[in-house]
file my_file-v4.pdb (PDB, C-alpha atoms, pLDDT in the B column)
ATOM      1  CA  MET A   1       0.000   0.000   0.000  1.00 44.00           C
ATOM      2  CA  ILE A   2       1.369   3.434  -0.890  1.00 50.00           C
ATOM      3  CA  ASP A   3       1.212   5.913   2.011  1.00 53.00           C
ATOM      4  CA  ASP A   4       1.111   8.950  -0.281  1.00 70.00           C
ATOM      5  CA  GLU A   5      -1.854   7.600  -2.175  1.00 80.00           C
ATOM      6  CA  LEU A   6      -4.564  10.240  -2.450  1.00 87.00           C
ATOM      7  CA  LEU A   7      -8.208   9.356  -2.049  1.00 87.00           C
ATOM      8  CA  THR A   8     -11.307  11.332  -2.906  1.00 89.00           C
ATOM      9  CA  LEU A   9     -14.083  11.557  -0.319  1.00 89.00           C
ATOM     10  CA  PRO A  10     -16.430   9.335  -2.372  1.00 86.00           C
ATOM     11  CA  GLU A  11     -13.646   6.743  -2.633  1.00 82.00           C
ATOM     12  CA  ILE A  12     -13.226   6.755   1.141  1.00 83.00           C
ATOM     13  CA  ALA A  13     -16.966   6.444   1.621  1.00 78.00           C
ATOM     14  CA  GLN A  14     -17.067   3.513  -0.761  1.00 73.00           C
ATOM     15  CA  THR A  15     -14.100   1.777   0.874  1.00 70.00           C
ATOM     16  CA  LEU A  16     -15.643   2.120   4.322  1.00 70.00           C
ATOM     17  CA  GLY A  17     -19.154   1.363   3.100  1.00 64.00           C
ATOM     18  CA  MET A  18     -20.351   4.675   4.503  1.00 70.00           C
ATOM     19  CA  ASN A  19     -22.420   7.567   3.338  1.00 73.00           C
ATOM     20  CA  PRO A  20     -20.255  10.230   1.592  1.00 79.00           C
ATOM     21  CA  SER A  21     -21.896  12.905   3.742  1.00 78.00           C
ATOM     22  CA  THR A  22     -20.352  11.258   6.844  1.00 77.00           C
ATOM     23  CA  VAL A  23     -16.877  11.550   5.343  1.00 82.00           C
ATOM     24  CA  ARG A  24     -17.523  15.188   4.374  1.00 84.00           C
ATOM     25  CA  LEU A  25     -18.572  15.800   7.980  1.00 80.00           C
ATOM     26  CA  TRP A  26     -15.265  14.367   9.256  1.00 82.00           C
ATOM     27  CA  VAL A  27     -13.402  16.817   7.003  1.00 86.00           C
ATOM     28  CA  ARG A  28     -15.599  19.751   8.047  1.00 82.00           C
ATOM     29  CA  GLU A  29     -15.062  18.942  11.731  1.00 76.00           C
ATOM     30  CA  GLY A  30     -11.308  18.614  11.202  1.00 81.00           C
ATOM     31  CA  ARG A  31     -11.278  14.966  12.287  1.00 80.00           C
ATOM     32  CA  LEU A  32      -9.902  13.951   8.917  1.00 87.00           C
ATOM     33  CA  GLN A  33      -7.146  15.965   7.253  1.00 89.00           C
ATOM     34  CA  ALA A  34      -7.939  16.818   3.670  1.00 91.00           C
ATOM     35  CA  GLU A  35      -6.615  19.184   1.060  1.00 91.00           C
ATOM     36  CA  LYS A  36      -8.559  20.856  -1.687  1.00 87.00           C
ATOM     37  CA  MET A  37      -7.108  20.184  -5.115  1.00 88.00           C
ATOM     38  CA  GLY A  38      -9.005  22.030  -7.780  1.00 87.00           C
ATOM     39  CA  ARG A  39     -12.651  21.302  -6.982  1.00 85.00           C
ATOM     40  CA  LYS A  40     -12.053  18.087  -5.060  1.00 88.00           C
ATOM     41  CA  TRP A  41     -11.086  17.357  -1.494  1.00 90.00           C
ATOM     42  CA  MET A  42      -8.293  14.803  -1.372  1.00 92.00           C
ATOM     43  CA  VAL A  43      -7.106  12.750   1.604  1.00 90.00           C
ATOM     44  CA  ARG A  44      -3.798  10.956   1.988  1.00 88.00           C
ATOM     45  CA  ARG A  45      -4.382   7.303   2.788  1.00 82.00           C
ATOM     46  CA  VAL A  46      -1.925   7.528   5.674  1.00 80.00           C
ATOM     47  CA  ASP A  47      -4.030  10.332   7.220  1.00 84.00           C
ATOM     48  CA  LEU A  48      -7.176   8.250   6.920  1.00 82.00           C
ATOM     49  CA  GLU A  49      -5.526   5.262   8.575  1.00 76.00           C
ATOM     50  CA  GLN A  50      -4.119   7.456  11.342  1.00 76.00           C
ATOM     51  CA  MET A  51      -7.544   8.891  12.078  1.00 78.00           C
ATOM     52  CA  LEU A  52      -9.123   5.432  12.234  1.00 74.00           C
ATOM     53  CA  ALA A  53      -6.337   4.138  14.469  1.00 66.00           C
ATOM     54  CA  LYS A  54      -6.595   7.080  16.894  1.00 64.00           C
ATOM     55  CA  GLN A  55     -10.368   7.007  17.123  1.00 59.00           C
ATOM     56  CA  PRO A  56     -11.572   3.414  17.212  1.00 50.00           C
ATOM     57  CA  GLN A  57     -15.109   4.600  17.988  1.00 48.00           C
ATOM     58  CA  VAL A  58     -15.200   6.845  14.939  1.00 51.00           C
ATOM     59  CA  GLY A  59     -18.119   6.293  12.647  1.00 50.00           C
ATOM     60  CA  HIS A  60     -21.839   6.595  12.676  1.00 47.00           C
ATOM     61  CA  PRO A  61     -22.902   8.210  15.964  1.00 43.00           C
ATOM     62  CA  ARG A  62     -25.731   5.724  16.509  1.00 42.00           C
ATOM     63  CA  GLY A  63     -23.342   2.826  15.973  1.00 39.00           C
ATOM     64  CA  ALA A  64     -20.791   4.243  18.385  1.00 40.00           C
ATOM     65  CA  ALA A  65     -23.348   5.087  21.048  1.00 38.00           C
ATOM     66  CA  SER A  66     -24.985   1.704  20.946  1.00 39.00           C
ATOM     67  CA  ALA A  67     -21.676  -0.093  21.480  1.00 38.00           C
ATOM     68  CA  SER A  68     -21.416   1.223  25.015  1.00 42.00           C
ATOM     69  CA  SER A  69     -22.249  -1.914  27.022  1.00 56.00           C
ATOM     70  CA  THR A  70     -21.452  -5.582  26.509  1.00 72.00           C
ATOM     71  CA  PRO A  71     -23.391  -8.101  28.605  1.00 80.00           C
ATOM     72  CA  GLU A  72     -21.613 -11.156  29.987  1.00 81.00           C
ATOM     73  CA  ASP A  73     -24.664 -13.331  29.403  1.00 86.00           C
ATOM     74  CA  TRP A  74     -26.571 -12.527  26.246  1.00 87.00           C
ATOM     75  CA  SER A  75     -29.427 -14.887  27.072  1.00 86.00           C
ATOM     76  CA  GLU A  76     -30.700 -12.112  29.341  1.00 81.00           C
ATOM     77  CA  HIS A  77     -30.807  -9.808  26.321  1.00 82.00           C
ATOM     78  CA  PRO A  78     -32.236 -12.027  23.573  1.00 86.00           C
ATOM     79  CA  GLU A  79     -33.435  -9.075  21.530  1.00 83.00           C
ATOM     80  CA  ARG A  80     -29.963  -7.495  21.537  1.00 85.00           C
ATOM     81  CA  ALA A  81     -27.878 -10.614  20.964  1.00 88.00           C
ATOM     82  CA  MET A  82     -27.533 -10.046  17.210  1.00 91.00           C
ATOM     83  CA  MET A  83     -27.212  -6.267  17.408  1.00 90.00           C
ATOM     84  CA  ASP A  84     -24.166  -3.979  17.577  1.00 90.00           C
ATOM     85  CA  LEU A  85     -21.847  -6.690  16.333  1.00 94.00           C
ATOM     86  CA  ALA A  86     -18.978  -4.217  15.997  1.00 92.00           C
ATOM     87  CA  SER A  87     -18.866  -3.951  19.790  1.00 90.00           C
ATOM     88  CA  SER A  88     -17.706  -7.592  19.936  1.00 92.00           C
ATOM     89  CA  ALA A  89     -15.113  -7.199  17.190  1.00 92.00           C
ATOM     90  CA  GLN A  90     -11.565  -6.361  18.092  1.00 86.00           C
ATOM     91  CA  PRO A  91      -8.387  -5.992  16.085  1.00 81.00           C
ATOM     92  CA  LEU A  92      -6.026  -8.906  16.566  1.00 69.00           C
ATOM     93  CA  GLY A  93      -4.055  -8.726  19.797  1.00 49.00           C
ATOM     94  CA  ARG A  94      -6.512  -6.523  21.689  1.00 47.00           C
ATOM     95  CA  ILE A  95      -8.854  -9.203  22.961  1.00 43.00           C
ATOM     96  CA  ARG A  96      -8.845  -9.899  26.697  1.00 42.00           C
TER
ATOM     97  CA  MET B   1       0.185 -15.713  11.144  1.00 52.00           C
ATOM     98  CA  SER B   2      -0.762 -14.284   7.765  1.00 60.00           C
ATOM     99  CA  ARG B   3      -0.759 -10.531   7.244  1.00 64.00           C
ATOM    100  CA  ALA B   4      -4.254  -9.068   7.055  1.00 65.00           C
ATOM    101  CA  LEU B   5      -5.418  -8.169   3.564  1.00 69.00           C
ATOM    102  CA  VAL B   6      -7.570  -5.337   4.901  1.00 77.00           C
ATOM    103  CA  PRO B   7      -6.816  -2.829   7.720  1.00 86.00           C
ATOM    104  CA  SER B   8      -8.790  -3.986  10.737  1.00 88.00           C
ATOM    105  CA  GLN B   9     -10.067  -0.512  11.639  1.00 87.00           C
ATOM    106  CA  LEU B  10     -11.570  -0.144   8.184  1.00 89.00           C
ATOM    107  CA  ALA B  11     -13.279  -3.501   8.565  1.00 92.00           C
ATOM    108  CA  ILE B  12     -14.678  -2.620  11.997  1.00 92.00           C
ATOM    109  CA  GLU B  13     -15.872   0.690  10.604  1.00 90.00           C
ATOM    110  CA  GLN B  14     -17.769  -1.197   7.938  1.00 93.00           C
ATOM    111  CA  MET B  15     -19.275  -3.454  10.611  1.00 94.00           C
ATOM    112  CA  ARG B  16     -20.591  -0.384  12.427  1.00 92.00           C
ATOM    113  CA  GLU B  17     -22.257   0.836   9.265  1.00 92.00           C
ATOM    114  CA  ALA B  18     -23.792  -2.596   8.702  1.00 94.00           C
ATOM    115  CA  ASP B  19     -25.019  -2.598  12.335  1.00 92.00           C
ATOM    116  CA  VAL B  20     -26.852   0.683  11.799  1.00 91.00           C
ATOM    117  CA  ARG B  21     -28.599  -0.621   8.698  1.00 90.00           C
ATOM    118  CA  TRP B  22     -29.391  -3.919  10.399  1.00 92.00           C
ATOM    119  CA  ALA B  23     -30.939  -2.200  13.427  1.00 88.00           C
ATOM    120  CA  SER B  24     -33.022  -0.043  11.122  1.00 86.00           C
ATOM    121  CA  ALA B  25     -34.211  -3.098   9.159  1.00 88.00           C
ATOM    122  CA  LEU B  26     -35.252  -4.881  12.371  1.00 84.00           C
ATOM    123  CA  ARG B  27     -37.131  -1.847  13.650  1.00 77.00           C
ATOM    124  CA  GLY B  28     -39.174  -1.642  10.480  1.00 70.00           C
ATOM    125  CA  LEU B  29     -40.383  -5.222  10.228  1.00 63.00           C
ATOM    126  CA  ASP B  30     -44.055  -4.339  10.066  1.00 62.00           C
ATOM    127  CA  SER B  31     -45.135  -5.144   6.545  1.00 73.00           C
ATOM    128  CA  TYR B  32     -44.468  -7.862   4.033  1.00 81.00           C
ATOM    129  CA  PRO B  33     -42.893  -8.376   1.544  1.00 87.00           C
ATOM    130  CA  ASP B  34     -40.965  -5.076   1.325  1.00 87.00           C
ATOM    131  CA  ARG B  35     -39.605  -5.236   4.839  1.00 84.00           C
ATOM    132  CA  LEU B  36     -38.386  -8.752   4.267  1.00 91.00           C
ATOM    133  CA  ARG B  37     -36.398  -7.418   1.325  1.00 92.00           C
ATOM    134  CA  THR B  38     -34.975  -4.645   3.506  1.00 91.00           C
ATOM    135  CA  PHE B  39     -34.128  -7.323   6.068  1.00 93.00           C
ATOM    136  CA  ALA B  40     -32.473  -9.459   3.347  1.00 95.00           C
ATOM    137  CA  ASP B  41     -30.382  -6.517   2.115  1.00 95.00           C
ATOM    138  CA  ALA B  42     -29.286  -5.589   5.646  1.00 95.00           C
ATOM    139  CA  ALA B  43     -28.367  -9.207   6.439  1.00 97.00           C
ATOM    140  CA  GLU B  44     -26.351  -9.363   3.230  1.00 97.00           C
ATOM    141  CA  GLU B  45     -24.510  -6.194   4.236  1.00 96.00           C
ATOM    142  CA  GLN B  46     -23.747  -7.754   7.628  1.00 97.00           C
ATOM    143  CA  SER B  47     -22.394 -10.808   5.857  1.00 97.00           C
ATOM    144  CA  ARG B  48     -20.159  -8.692   3.603  1.00 96.00           C
ATOM    145  CA  ALA B  49     -18.868  -6.593   6.506  1.00 96.00           C
ATOM    146  CA  LEU B  50     -18.136  -9.692   8.583  1.00 97.00           C
ATOM    147  CA  THR B  51     -16.359 -11.380   5.681  1.00 96.00           C
ATOM    148  CA  LEU B  52     -14.195  -8.277   5.338  1.00 94.00           C
ATOM    149  CA  ALA B  53     -13.518  -8.361   9.083  1.00 95.00           C
ATOM    150  CA  ASP B  54     -12.445 -11.988   8.750  1.00 94.00           C
ATOM    151  CA  LEU B  55      -9.998 -10.989   6.015  1.00 92.00           C
ATOM    152  CA  ALA B  56      -8.721  -8.238   8.317  1.00 92.00           C
ATOM    153  CA  ASN B  57      -7.968 -10.823  11.048  1.00 91.00           C
ATOM    154  CA  VAL B  58     -10.488  -9.143  13.352  1.00 93.00           C
ATOM    155  CA  ARG B  59     -11.191 -11.256  16.431  1.00 93.00           C
ATOM    156  CA  TRP B  60     -14.675 -12.036  17.666  1.00 95.00           C
ATOM    157  CA  LYS B  61     -15.471 -11.840  21.352  1.00 93.00           C
ATOM    158  CA  PRO B  62     -17.981 -14.662  21.942  1.00 95.00           C
ATOM    159  CA  ARG B  63     -21.486 -13.802  23.106  1.00 94.00           C
ATOM    160  CA  PRO B  64     -22.449 -16.553  25.584  1.00 94.00           C
ATOM    161  CA  GLY B  65     -26.177 -17.252  25.594  1.00 94.00           C
ATOM    162  CA  ALA B  66     -26.700 -15.719  22.133  1.00 95.00           C
ATOM    163  CA  ARG B  67     -28.435 -18.856  20.878  1.00 94.00           C
ATOM    164  CA  LYS B  68     -31.505 -17.589  22.749  1.00 92.00           C
ATOM    165  CA  LEU B  69     -31.635 -14.538  20.494  1.00 92.00           C
ATOM    166  CA  ARG B  70     -35.086 -13.275  19.533  1.00 87.00           C
ATOM    167  CA  PHE B  71     -36.071 -11.499  16.373  1.00 86.00           C
ATOM    168  CA  PRO B  72     -39.046  -9.117  16.186  1.00 82.00           C
ATOM    169  CA  PHE B  73     -42.384 -10.911  16.387  1.00 78.00           C
ATOM    170  CA  GLU B  74     -43.089 -10.363  12.673  1.00 80.00           C
ATOM    171  CA  VAL B  75     -40.474 -13.028  11.888  1.00 85.00           C
ATOM    172  CA  ASP B  76     -40.597 -14.932  15.171  1.00 84.00           C
ATOM    173  CA  PRO B  77     -42.145 -18.439  15.224  1.00 86.00           C
ATOM    174  CA  ALA B  78     -44.615 -17.193  17.854  1.00 81.00           C
ATOM    175  CA  GLY B  79     -45.985 -14.616  15.414  1.00 77.00           C
ATOM    176  CA  GLU B  80     -48.421 -15.087  12.550  1.00 79.00           C
ATOM    177  CA  ARG B  81     -46.190 -15.273   9.529  1.00 87.00           C
ATOM    178  CA  PRO B  82     -47.614 -15.398   6.024  1.00 88.00           C
ATOM    179  CA  GLY B  83     -45.897 -17.599   3.480  1.00 89.00           C
ATOM    180  CA  PRO B  84     -44.725 -21.187   3.118  1.00 92.00           C
ATOM    181  CA  PRO B  85     -44.119 -22.871   6.499  1.00 93.00           C
ATOM    182  CA  THR B  86     -41.252 -24.905   5.050  1.00 95.00           C
ATOM    183  CA  LEU B  87     -39.380 -21.737   4.130  1.00 95.00           C
ATOM    184  CA  TRP B  88     -40.061 -20.249   7.550  1.00 95.00           C
ATOM    185  CA  GLY B  89     -38.764 -23.496   9.052  1.00 95.00           C
ATOM    186  CA  LYS B  90     -35.496 -23.015   7.163  1.00 96.00           C
ATOM    187  CA  PHE B  91     -35.452 -19.396   8.294  1.00 96.00           C
ATOM    188  CA  ASP B  92     -35.863 -20.448  11.941  1.00 95.00           C
ATOM    189  CA  ARG B  93     -32.999 -22.924  11.592  1.00 96.00           C
ATOM    190  CA  ALA B  94     -30.815 -20.169  10.103  1.00 96.00           C
ATOM    191  CA  VAL B  95     -31.681 -17.934  13.077  1.00 96.00           C
ATOM    192  CA  LYS B  96     -30.570 -20.708  15.451  1.00 96.00           C
ATOM    193  CA  GLN B  97     -27.393 -21.130  13.421  1.00 96.00           C
ATOM    194  CA  LEU B  98     -26.699 -17.414  13.793  1.00 97.00           C
ATOM    195  CA  GLY B  99     -27.155 -17.663  17.557  1.00 96.00           C
ATOM    196  CA  VAL B 100     -24.741 -20.577  17.812  1.00 97.00           C
ATOM    197  CA  ALA B 101     -22.223 -18.752  15.596  1.00 97.00           C
ATOM    198  CA  LEU B 102     -22.419 -15.661  17.828  1.00 97.00           C
ATOM    199  CA  GLU B 103     -21.486 -17.834  20.810  1.00 96.00           C
ATOM    200  CA  GLY B 104     -18.358 -19.047  19.015  1.00 96.00           C
ATOM    201  CA  ASP B 105     -15.048 -17.284  18.624  1.00 94.00           C
ATOM    202  CA  SER B 106     -14.857 -17.088  14.848  1.00 95.00           C
ATOM    203  CA  ILE B 107     -16.312 -14.437  12.571  1.00 96.00           C
ATOM    204  CA  LYS B 108     -16.640 -16.580   9.463  1.00 96.00           C
ATOM    205  CA  PRO B 109     -19.616 -18.706  10.662  1.00 97.00           C
ATOM    206  CA  ILE B 110     -21.448 -15.512  11.639  1.00 98.00           C
ATOM    207  CA  ALA B 111     -20.924 -14.127   8.136  1.00 97.00           C
ATOM    208  CA  GLU B 112     -22.207 -17.391   6.671  1.00 97.00           C
ATOM    209  CA  ALA B 113     -25.287 -17.382   8.919  1.00 97.00           C
ATOM    210  CA  PHE B 114     -26.168 -13.839   7.850  1.00 97.00           C
ATOM    211  CA  ALA B 115     -25.731 -14.806   4.189  1.00 98.00           C
ATOM    212  CA  GLN B 116     -28.112 -17.719   4.756  1.00 97.00           C
ATOM    213  CA  LEU B 117     -30.655 -15.479   6.502  1.00 96.00           C
ATOM    214  CA  SER B 118     -30.422 -12.973   3.680  1.00 97.00           C
ATOM    215  CA  ALA B 119     -31.055 -15.605   1.025  1.00 97.00           C
ATOM    216  CA  LEU B 120     -34.030 -17.053   2.913  1.00 97.00           C
ATOM    217  CA  ALA B 121     -35.595 -13.653   3.609  1.00 95.00           C
ATOM    218  CA  ALA B 122     -35.315 -12.767  -0.088  1.00 96.00           C
ATOM    219  CA  GLU B 123     -36.850 -16.137  -0.998  1.00 96.00           C
ATOM    220  CA  LEU B 124     -39.708 -15.538   1.439  1.00 95.00           C
ATOM    221  CA  ALA B 125     -40.320 -12.070  -0.008  1.00 93.00           C
ATOM    222  CA  ASN B 126     -40.417 -13.511  -3.535  1.00 94.00           C
ATOM    223  CA  SER B 127     -42.776 -16.240  -2.409  1.00 93.00           C
ATOM    224  CA  LEU B 128     -45.147 -13.800  -0.707  1.00 91.00           C
ATOM    225  CA  GLN B 129     -45.228 -11.598  -3.769  1.00 89.00           C
ATOM    226  CA  ALA B 130     -45.890 -14.628  -5.981  1.00 89.00           C
ATOM    227  CA  GLU B 131     -48.792 -15.519  -3.678  1.00 84.00           C
ATOM    228  CA  GLY B 132     -50.281 -12.129  -4.453  1.00 78.00           C
ATOM    229  CA  LEU B 133     -49.243 -10.120  -1.397  1.00 66.00           C
ATOM    230  CA  PRO B 134     -48.602  -6.708  -2.956  1.00 63.00           C
ATOM    231  CA  SER B 135     -45.451  -4.709  -2.422  1.00 60.00           C
ATOM    232  CA  GLU B 136     -45.706  -1.160  -1.072  1.00 56.00           C
ATOM    233  CA  ARG B 137     -45.266   0.249  -4.578  1.00 58.00           C
ATOM    234  CA  GLN B 138     -48.020  -1.985  -5.933  1.00 59.00           C
ATOM    235  CA  ARG B 139     -50.322  -0.889  -3.084  1.00 56.00           C
ATOM    236  CA  GLN B 140     -49.679   2.772  -3.842  1.00 59.00           C
ATOM    237  CA  THR B 141     -50.388   2.413  -7.562  1.00 61.00           C
ATOM    238  CA  ALA B 142     -53.488   0.242  -7.046  1.00 56.00           C
TER
END

call {"tool": "encode", "arguments": {"input": "my_file-v4.pdb", "output": "structure tokens"}}
result
Amino acid sequence: MIDDELLTLPEIAQTLGMNPSTVRLWVREGRLQAEKMGRKWMVRRVDLEQMLAKQPQVGHPRGAASASSTPEDWSEHPERAMMDLASSAQPLGRIR
Amino acid sequence: MSRALVPSQLAIEQMREADVRWASALRGLDSYPDRLRTFADAAEEQSRALTLADLANVRWKPRPGARKLRFPFEVDPAGERPGPPTLWGKFDRAVKQLGVALEGDSIKPIAEAFAQLSALAAELANSLQAEGLPSERQRQTA
């Protein structure tokens, strides 16, 4: 992967499977560094990866908010057992 | 250990997006067959996101007791579900399979269970429409 690779906002949205407006919001809020080139905002891939690494809860606010609690026994929460799957996913080496 | 093909944070990000769509699909399960299609699409997205997570070497923290999971009553065996009972039987078995997969420590079986659920929900929607249950668009133009 080339660190200097430049990505457009729609490309980032497509890669992450997100709405392009969410990515534009990240740029507007300064969470994601971007540079305007002509009429397009461009993001260095390394900046995108840094942002995602620093803010593991980044993403859709509803998704992040709902990942706040993880029951020990899911049989007591049968209606939630197949929800918020991302809250049970962890990058390799972080599981405890 | 093999190097991940996909950055894990990107994969988890995609899982969060799939979770949002999935939650929305479950909330809206009030009419057939359109909602079953929405459900099928959301389950397919979960399957794709989980497959990506598997490629990213993301680890799954098991959910003990998840085999008791309950879906909204519109697709629950206790509810009155229109359509072929045999297909619903397969659907119920796929739900159980998802619950068992969620209790395990591997992402791949979860992805496979969602893919199965997606296929069955789409098949149920097709079947209901073939039986003459109109889609929302058909109801509006009637």

call {"tool": "closest_residue", "arguments": {"input": "my_file-v4.pdb", "among": "A:Met18, A:Thr70, A:Thr8, A:Glu49", "to": "B:Val6", "atoms": "all atoms listed in the file"}}
result
A:Glu49

call {"tool": "interface_residues", "arguments": {"input": "my_file-v4.pdb", "of": "chain B", "to": "chain A", "cutoff": "10 Å", "atoms": "all atoms listed in the file", "output": "PDB file with C-alpha atoms, keeping the file's coordinate frame"}}
result
ATOM      1  CA  ALA B   4      -4.254  -9.068   7.055  1.00 65.00           C
ATOM      2  CA  PRO B   7      -6.816  -2.829   7.720  1.00 86.00           C
ATOM      3  CA  SER B   8      -8.790  -3.986  10.737  1.00 88.00           C
ATOM      4  CA  GLN B   9     -10.067  -0.512  11.639  1.00 87.00           C
ATOM      5  CA  LEU B  10     -11.570  -0.144   8.184  1.00 89.00           C
ATOM      6  CA  ALA B  11     -13.279  -3.501   8.565  1.00 92.00           C
ATOM      7  CA  ILE B  12     -14.678  -2.620  11.997  1.00 92.00           C
ATOM      8  CA  GLU B  13     -15.872   0.690  10.604  1.00 90.00           C
ATOM      9  CA  GLN B  14     -17.769  -1.197   7.938  1.00 93.00           C
ATOM     10  CA  MET B  15     -19.275  -3.454  10.611  1.00 94.00           C
ATOM     11  CA  ARG B  16     -20.591  -0.384  12.427  1.00 92.00           C
ATOM     12  CA  GLU B  17     -22.257   0.836   9.265  1.00 92.00           C
ATOM     13  CA  ALA B  18     -23.792  -2.596   8.702  1.00 94.00           C
ATOM     14  CA  ASP B  19     -25.019  -2.598  12.335  1.00 92.00           C
ATOM     15  CA  VAL B  20     -26.852   0.683  11.799  1.00 91.00           C
ATOM     16  CA  ARG B  21     -28.599  -0.621   8.698  1.00 90.00           C
ATOM     17  CA  TRP B  22     -29.391  -3.919  10.399  1.00 92.00           C
ATOM     18  CA  ALA B  23     -30.939  -2.200  13.427  1.00 88.00           C
ATOM     19  CA  LEU B  26     -35.252  -4.881  12.371  1.00 84.00           C
ATOM     20  CA  GLU B  45     -24.510  -6.194   4.236  1.00 96.00           C
ATOM     21  CA  GLN B  46     -23.747  -7.754   7.628  1.00 97.00           C
ATOM     22  CA  ALA B  49     -18.868  -6.593   6.506  1.00 96.00           C
ATOM     23  CA  LEU B  50     -18.136  -9.692   8.583  1.00 97.00           C
ATOM     24  CA  ALA B  53     -13.518  -8.361   9.083  1.00 95.00           C
ATOM     25  CA  ALA B  56      -8.721  -8.238   8.317  1.00 92.00           C
ATOM     26  CA  ASN B  57      -7.968 -10.823  11.048  1.00 91.00           C
ATOM     27  CA  VAL B  58     -10.488  -9.143  13.352  1.00 93.00           C
ATOM     28  CA  ARG B  59     -11.191 -11.256  16.431  1.00 93.00           C
ATOM     29  CA  TRP B  60     -14.675 -12.036  17.666  1.00 95.00           C
ATOM     30  CA  LYS B  61     -15.471 -11.840  21.352  1.00 93.00           C
ATOM     31  CA  PRO B  62     -17.981 -14.662  21.942  1.00 95.00           C
ATOM     32  CA  ARG B  63     -21.486 -13.802  23.106  1.00 94.00           C
ATOM     33  CA  PRO B  64     -22.449 -16.553  25.584  1.00 94.00           C
ATOM     34  CA  GLY B  65     -26.177 -17.252  25.594  1.00 94.00           C
ATOM     35  CA  ALA B  66     -26.700 -15.719  22.133  1.00 95.00           C
ATOM     36  CA  ARG B  67     -28.435 -18.856  20.878  1.00 94.00           C
ATOM     37  CA  LYS B  68     -31.505 -17.589  22.749  1.00 92.00           C
ATOM     38  CA  LEU B  69     -31.635 -14.538  20.494  1.00 92.00           C
ATOM     39  CA  ARG B  70     -35.086 -13.275  19.533  1.00 87.00           C
ATOM     40  CA  PHE B  71     -36.071 -11.499  16.373  1.00 86.00           C
ATOM     41  CA  PRO B  72     -39.046  -9.117  16.186  1.00 82.00           C
ATOM     42  CA  VAL B  95     -31.681 -17.934  13.077  1.00 96.00           C
ATOM     43  CA  LEU B  98     -26.699 -17.414  13.793  1.00 97.00           C
ATOM     44  CA  GLY B  99     -27.155 -17.663  17.557  1.00 96.00           C
ATOM     45  CA  LEU B 102     -22.419 -15.661  17.828  1.00 97.00           C
ATOM     46  CA  GLU B 103     -21.486 -17.834  20.810  1.00 96.00           C
ATOM     47  CA  ILE B 107     -16.312 -14.437  12.571  1.00 96.00           C
ATOM     48  CA  ILE B 110     -21.448 -15.512  11.639  1.00 98.00           C
TER      49      ILE B 110
END

call {"tool": "atom_distance", "arguments": {"input": "my_file-v4.pdb", "atom1": "atom CA of A:Glu35", "atom2": "atom CA of A:Leu6"}}
result
9.8 Å

call {"tool": "residues_around", "arguments": {"input": "my_file-v4.pdb", "residues": "A:Arg24", "least_positions_apart": "5", "cutoff": "12 Å", "atoms": "all atoms listed in the file", "output": "ChimeraX atom specification"}}
result
/A:8-13,18-19,29-34,40-43

call {"tool": "write_last_selection", "arguments": {"input": "my_file-v4.pdb", "atoms": "C-alpha atoms", "output": "short mmCIF file (atom, residue, chain, number, x, y, z; two decimals), in the frame of the given file"}}
result
data_model
loop_
_atom_site.label_atom_id
_atom_site.label_comp_id
_atom_site.auth_asym_id
_atom_site.auth_seq_id
_atom_site.Cartn_x
_atom_site.Cartn_y
_atom_site.Cartn_z
CA THR A 8 -11.31 11.33 -2.91
CA LEU A 9 -14.08 11.56 -0.32
CA PRO A 10 -16.43 9.34 -2.37
CA GLU A 11 -13.65 6.74 -2.63
CA ILE A 12 -13.23 6.76 1.14
CA ALA A 13 -16.97 6.44 1.62
CA MET A 18 -20.35 4.68 4.50
CA ASN A 19 -22.42 7.57 3.34
CA GLU A 29 -15.06 18.94 11.73
CA GLY A 30 -11.31 18.61 11.20
CA ARG A 31 -11.28 14.97 12.29
CA LEU A 32 -9.90 13.95 8.92
CA GLN A 33 -7.15 15.96 7.25
CA ALA A 34 -7.94 16.82 3.67
CA LYS A 40 -12.05 18.09 -5.06
CA TRP A 41 -11.09 17.36 -1.49
CA MET A 42 -8.29 14.80 -1.37
CA VAL A 43 -7.11 12.75 1.60
#

call {"tool": "atom_distance", "arguments": {"input": "my_file-v4.pdb", "atom1": "atom CA of B:Arg35", "atom2": "atom CA of B:Val75"}}
result
10.5 Å

call {"tool": "resolve_selection", "arguments": {"input": "my_file-v4.pdb", "expression": "the PyMOL selection byres ((chain B and resi 83) around 9)", "output": "ChimeraX atom specification"}}
result
/B:81-82,84-88,124-125,127-128,131

call {"tool": "resolve_selection", "arguments": {"input": "my_file-v4.pdb", "expression": "the PyMOL selection byres ((chain B and resi 120) around 9)", "output": "list in words"}}
result
Ala40, Leu87, Trp88, Lys90, Phe91, Ala94, Ala115, Gln116, Leu117, Ser118, Ala119, Ala121, Ala122, Glu123, Leu124 and Ala125 of chain B

call {"tool": "atom_distance", "arguments": {"input": "my_file-v4.pdb", "atom1": "atom CA of B:Val100", "atom2": "atom CA of B:Glu44"}}
result
18.5 Å

call {"tool": "residues_near_point", "arguments": {"input": "my_file-v4.pdb", "point": "(-12.6, -16.5, 9.8)", "cutoff": "8 Å", "atoms": "all atoms listed in the file", "output": "list in words"}}
result
Thr51, Asp54, Leu55, Asn57, Ser106, Ile107, Lys108 and Pro109 of chain B
